[in-house]
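Down below is the structure, laid out as structure tokens.
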Amino acid sequence: MGGAPSRLNAQLFFHTETGALRPLWRILLFLIASLGAYVVADAILGPIITRMLGAVGLRGVATQSWITAAALVGGTIASQHWIDHRPWRDVWLDRDAARAPVLVFGFGVGTLAVSIPILSLIAAHWLRLETGAEGSLIGAAVRVSIFLLPAALFEELLTRGYILSVLRESWGWPASVVATSVGFGMLHLANPGATIQSVVLVTLAGLFLSGVLYATKSLYAAWMAHFAWNWAMAVLFHTAVSGIPLESPRYRYVDAGPDWATGGEWGPEGGLPAGLGMGAGIVYLFAWRGRESRRQET
């Protein structure tokens, strides 16, 4: 007779009363599936990606970014179709979420949210224009873009994809967004020049990107906003991105003001103006979402 309660308790440890796997185990299986997909992608795609990126002068970290992105796509597919049996819209990766206007909207919001603060720092003479290294602007832009694109994708898939969708079911939008945004900030602790301020600002960036996701119901749009944010800093202004200096042919903007404003070694996204830009972006996104909801109701 004592066996039945024990089995029931063990069942409830892994499953809810409705029979669904509990969020912790679903997230753990997603991470295990992604790890397995990474091993496969590294073995099969690794040599191909290495040759392709090597042709344009990219190696090492860039290759790993593409493999990691592929692995998280694989982990998401496995979790959606084999564990949860859910449609793509539940992780905001359905066909409707990939419409061109949605992608353009995400890219535009991400570009403006960081470019306006940077321009304000330039106007205040807290970012100074200097001569950069010799090289091709177009070639550098292509290489940097190829490097940044998968990096933004795998960070979005990891922090605002499947895991956020699972937590949202149990916790709702506010708590799950805060939790994943804090995790997003912690992911950047190992970056060069990381400080308490920079991690707080990256956490705020997580809230901003979650705002893009919430407003558009598209993880693709959040990916484009993330990519555009980094792309504007690296390609347009030639500044460091999350503490990482990238190619800066012909010109670059360097820190010439207080670190609380310029972000110091971390780059301008770690300064107060960038925080204000993200705050304004969040307000705009919620207002935009409200207008869209009212328009759909009429």
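In the structure tokens, chains take letters A, B, ... by order of appearance, with residues numbered from 1 within each chain and ligands from 1 in the order shown.
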
Spatial neighbours of stretch 201-209 of chain A, max dist 9 Å, only C-alpha atoms, sep filter under 4 positions, as a PyMOL selection string: chain A and resi 110+156+159-160+177-178+180-186+188+196-197+213-214+221-223+225-226+242+269-272+274-275+278-279+281-282+285

Residue contacts of A:Leu236 (12 Å, only C-alpha atoms) excluding same-chain residues fewer than 6 positions away, as JSON, numbers by chain: {"A": [111, 112, 114, 115, 118, 119, 137, 138, 140, 141, 144, 145, 228, 229, 230, 246, 247, 248, 249, 250, 251, 252, 253]}

Write out the residues from the selection above, keeping C-alpha atoms, as a PDB file, in the first residue's frame.
```pdb
ATOM      1  CA  THR A 111      19.314  50.647 -34.680  1.00  0.00           C
ATOM      2  CA  LEU A 112      17.612  53.774 -33.352  1.00  0.00           C
ATOM      3  CA  VAL A 114      21.524  52.688 -29.696  1.00  0.00           C
ATOM      4  CA  SER A 115      22.352  55.172 -32.483  1.00  0.00           C
ATOM      5  CA  ILE A 118      25.769  57.376 -29.470  1.00  0.00           C
ATOM      6  CA  LEU A 119      25.063  60.509 -31.507  1.00  0.00           C
ATOM      7  CA  LEU A 137      35.076  49.465 -45.070  1.00  0.00           C
ATOM      8  CA  ILE A 138      32.925  47.089 -47.095  1.00  0.00           C
ATOM      9  CA  ALA A 140      35.105  44.794 -42.650  1.00  0.00           C
ATOM     10  CA  ALA A 141      31.327  45.390 -42.635  1.00  0.00           C
ATOM     11  CA  VAL A 144      31.612  41.874 -38.792  1.00  0.00           C
ATOM     12  CA  SER A 145      28.036  41.255 -39.939  1.00  0.00           C
ATOM     13  CA  ALA A 228      20.969  45.836 -35.419  1.00  0.00           C
ATOM     14  CA  TRP A 229      21.976  47.114 -31.964  1.00  0.00           C
ATOM     15  CA  ASN A 230      25.388  45.435 -32.233  1.00  0.00           C
ATOM     16  CA  LEU A 246      36.030  44.622 -33.745  1.00  0.00           C
ATOM     17  CA  GLU A 247      37.474  45.735 -37.080  1.00  0.00           C
ATOM     18  CA  SER A 248      37.665  49.533 -37.361  1.00  0.00           C
ATOM     19  CA  PRO A 249      39.072  50.494 -40.782  1.00  0.00           C
ATOM     20  CA  ARG A 250      39.478  54.188 -41.650  1.00  0.00           C
ATOM     21  CA  TYR A 251      37.885  55.579 -38.468  1.00  0.00           C
ATOM     22  CA  ARG A 252      36.698  54.715 -34.975  1.00  0.00           C
ATOM     23  CA  TYR A 253      35.005  56.431 -32.058  1.00  0.00           C
TER      24      TYR A 253
END
```

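Of the listed residues (A:Val56, A:Leu72, A:Gly290, A:Val61), A:Leu72 comes nearest to A:Val39; the distances count only C-alpha atoms.
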
In stretch 33-235 of chain A, DSSP helix (DSSP H, G or I) residues written as a PyMOL selection string: chain A and resi 33-44+46-54+61-84+88-91+96-98+100-123+137-159+162-171+173-186+196-216+219-235

A:Leu29 surroundings by only C-alpha atoms, 10 Å radius, close-in-sequence under 3 positions cut, as a PyMOL selection string: chain A and resi 23-26+32-35+75+78-79+83

Print the selection's residues with N, CA and C atoms to a file, as a PDB file, in the first residue's frame.
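Saved to out.pdb:
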```pdb
ATOM      1  N   PRO A  23       8.054  22.604 -15.849  1.00  0.00           N
ATOM      2  CA  PRO A  23       8.950  23.511 -16.589  1.00  0.00           C
ATOM      3  C   PRO A  23      10.433  23.206 -16.399  1.00  0.00           C
ATOM      4  N   LEU A  24      10.861  22.879 -15.177  1.00  0.00           N
ATOM      5  CA  LEU A  24      12.280  22.610 -14.929  1.00  0.00           C
ATOM      6  C   LEU A  24      12.793  21.493 -15.820  1.00  0.00           C
ATOM      7  N   TRP A  25      12.014  20.402 -15.927  1.00  0.00           N
ATOM      8  CA  TRP A  25      12.472  19.255 -16.716  1.00  0.00           C
ATOM      9  C   TRP A  25      12.402  19.549 -18.201  1.00  0.00           C
ATOM     10  N   ARG A  26      11.426  20.337 -18.626  1.00  0.00           N
ATOM     11  CA  ARG A  26      11.354  20.712 -20.033  1.00  0.00           C
ATOM     12  C   ARG A  26      12.559  21.559 -20.432  1.00  0.00           C
ATOM     13  N   ILE A  32      19.789  19.756 -22.828  1.00  0.00           N
ATOM     14  CA  ILE A  32      20.446  18.496 -23.198  1.00  0.00           C
ATOM     15  C   ILE A  32      20.338  18.276 -24.706  1.00  0.00           C
ATOM     16  N   ALA A  33      19.153  18.525 -25.261  1.00  0.00           N
ATOM     17  CA  ALA A  33      18.972  18.372 -26.713  1.00  0.00           C
ATOM     18  C   ALA A  33      19.870  19.330 -27.477  1.00  0.00           C
ATOM     19  N   SER A  34      20.004  20.554 -26.970  1.00  0.00           N
ATOM     20  CA  SER A  34      20.863  21.542 -27.632  1.00  0.00           C
ATOM     21  C   SER A  34      22.329  21.126 -27.557  1.00  0.00           C
ATOM     22  N   LEU A  35      22.718  20.554 -26.425  1.00  0.00           N
ATOM     23  CA  LEU A  35      24.096  20.077 -26.284  1.00  0.00           C
ATOM     24  C   LEU A  35      24.364  18.935 -27.270  1.00  0.00           C
ATOM     25  N   GLY A  75      17.955  22.163 -30.804  1.00  0.00           N
ATOM     26  CA  GLY A  75      17.347  21.944 -29.498  1.00  0.00           C
ATOM     27  C   GLY A  75      15.913  22.437 -29.441  1.00  0.00           C
ATOM     28  N   ALA A  78      13.707  19.944 -31.404  1.00  0.00           N
ATOM     29  CA  ALA A  78      13.489  18.736 -30.609  1.00  0.00           C
ATOM     30  C   ALA A  78      12.479  18.980 -29.494  1.00  0.00           C
ATOM     31  N   SER A  79      12.602  20.109 -28.818  1.00  0.00           N
ATOM     32  CA  SER A  79      11.715  20.404 -27.690  1.00  0.00           C
ATOM     33  C   SER A  79      10.290  20.678 -28.153  1.00  0.00           C
ATOM     34  N   ILE A  83       9.101  16.806 -27.543  1.00  0.00           N
ATOM     35  CA  ILE A  83       8.843  16.841 -26.101  1.00  0.00           C
ATOM     36  C   ILE A  83       7.473  17.455 -25.820  1.00  0.00           C
TER      37      ILE A  83
END
```

Closest of A:Ala215, A:Leu187, A:Leu158, A:Ile116 to A:Gly277 - atom-to-atom distances counting only C-alpha atoms: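 Between A:Ala215, A:Leu187, A:Leu158, A:Ile116, the residue approaching A:Gly277 most closely is A:Ile116.
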
Which of stretch 35-271 of chain A fall in strand (DSSP E or B), as a VMD selection string: chain A and resid 127 to 131 133 241 244 249 251 to 255

Pull C-alpha atoms from the residues just selected and write them as a PDB file, in the first residue's frame.
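Saved the output as result.pdb:
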```
ATOM      1  CA  LEU A 127      33.084  60.051 -27.999  1.00  0.00           C
ATOM      2  CA  ARG A 128      36.023  61.227 -30.104  1.00  0.00           C
ATOM      3  CA  LEU A 129      36.631  60.432 -33.767  1.00  0.00           C
ATOM      4  CA  GLU A 130      40.049  58.910 -34.482  1.00  0.00           C
ATOM      5  CA  THR A 131      41.767  57.453 -37.510  1.00  0.00           C
ATOM      6  CA  ALA A 133      43.499  50.977 -39.226  1.00  0.00           C
ATOM      7  CA  VAL A 241      30.524  45.752 -28.637  1.00  0.00           C
ATOM      8  CA  ILE A 244      34.897  43.321 -27.633  1.00  0.00           C
ATOM      9  CA  PRO A 249      39.072  50.494 -40.782  1.00  0.00           C
ATOM     10  CA  TYR A 251      37.885  55.579 -38.468  1.00  0.00           C
ATOM     11  CA  ARG A 252      36.698  54.715 -34.975  1.00  0.00           C
ATOM     12  CA  TYR A 253      35.005  56.431 -32.058  1.00  0.00           C
ATOM     13  CA  VAL A 254      36.860  56.187 -28.753  1.00  0.00           C
ATOM     14  CA  ASP A 255      35.975  57.007 -25.159  1.00  0.00           C
TER      15      ASP A 255
END
```

Using only C-alpha atoms: which of A:Leu219, A:Arg295, A:Trp126, A:Trp171 has the shortest distance to A:Trp260: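 Closest residue, counting only C-alpha atoms: A:Trp126.
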
Among listed residues A:Pro273, A:Gly243, A:Gly211, A:Gly161, nearest A:Ala261 (using only C-alpha atoms):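 For A:Ala261, the nearest of the given residues is A:Pro273.
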
Computed interatomic separation between atom CA of A:Ala240 and atom CA of A:Ser218 (Å): 27.7 Å

Who sits within 9 Å of A:Phe105, only C-alpha atoms, same chain under 3 positions skipped, as a list in words: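 Contacts, in chain order: Ala100, Pro101, Val102, Gly108, Val109, Gly110, Thr216, Ala221, Met224 and Ala225 of chain A.
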
Restricting the output to C-alpha atoms, write the selected residues as a short mmCIF file (atom, residue, chain, number, x, y, z; two decimals), in the first residue's frame.
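selection_3.cif, written as the output of this step:
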```cif
data_model
loop_
_atom_site.label_atom_id
_atom_site.label_comp_id
_atom_site.auth_asym_id
_atom_site.auth_seq_id
_atom_site.Cartn_x
_atom_site.Cartn_y
_atom_site.Cartn_z
CA ALA A 100 9.46 41.27 -43.87
CA PRO A 101 7.72 44.28 -42.22
CA VAL A 102 8.17 42.66 -38.80
CA GLY A 108 14.86 49.78 -37.14
CA VAL A 109 14.01 49.81 -33.42
CA GLY A 110 17.34 48.22 -32.52
CA THR A 216 5.69 41.85 -32.38
CA ALA A 221 12.13 40.62 -34.83
CA MET A 224 16.94 41.58 -35.85
CA ALA A 225 16.77 44.22 -33.09
#
```

Nearby residues (only C-alpha atoms) at most 10 Å from A:Thr195, same-chain spacing under 3 positions excluded, as a PyMOL selection string: chain A and resi 188-192+198-201+263-266+270

Please produce an output containing C-alpha atoms for each residue in the selection, written as an mmCIF file, in the first residue's frame.
```
data_model
loop_
_atom_site.group_PDB
_atom_site.id
_atom_site.type_symbol
_atom_site.label_atom_id
_atom_site.label_comp_id
_atom_site.auth_asym_id
_atom_site.auth_seq_id
_atom_site.Cartn_x
_atom_site.Cartn_y
_atom_site.Cartn_z
ATOM 1 C CA HIS A 188 28.048 38.640 -20.373
ATOM 2 C CA LEU A 189 29.939 38.523 -17.075
ATOM 3 C CA ALA A 190 32.991 36.957 -18.729
ATOM 4 C CA ASN A 191 33.263 39.628 -21.439
ATOM 5 C CA PRO A 192 36.291 41.962 -21.335
ATOM 6 C CA SER A 198 27.597 46.990 -17.763
ATOM 7 C CA VAL A 199 25.794 43.865 -16.528
ATOM 8 C CA VAL A 200 22.868 45.988 -15.313
ATOM 9 C CA LEU A 201 22.702 47.676 -18.732
ATOM 10 C CA GLY A 263 30.510 52.799 -20.945
ATOM 11 C CA GLY A 264 34.313 52.893 -20.826
ATOM 12 C CA GLU A 265 36.013 49.764 -22.144
ATOM 13 C CA TRP A 266 32.643 48.048 -22.530
ATOM 14 C CA GLY A 270 27.250 50.298 -21.163
#
```

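Between atom CA of A:Ala71 and atom CA of A:Ile48 the separation is 15.0 Å.
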
d(atom CA of A:Ile163, atom CA of A:Pro150) in Å: 18.4 Å

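Restricting the calculation to only C-alpha atoms, the smallest distance between A:Trp88 and any of A:Tyr220, A:Trp66, A:Phe154, A:Phe107 is found for A:Tyr220.
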
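For A:Ala151, the residues within 9 Å (counting only C-alpha atoms, excluding itself and residues fewer than 2 positions away along the chain) are Ala62, Ser65, Trp66, Thr68, Ala69, Phe147, Leu148, Leu149, Leu153, Phe154, Glu155, Glu156 and Phe227 of chain A.
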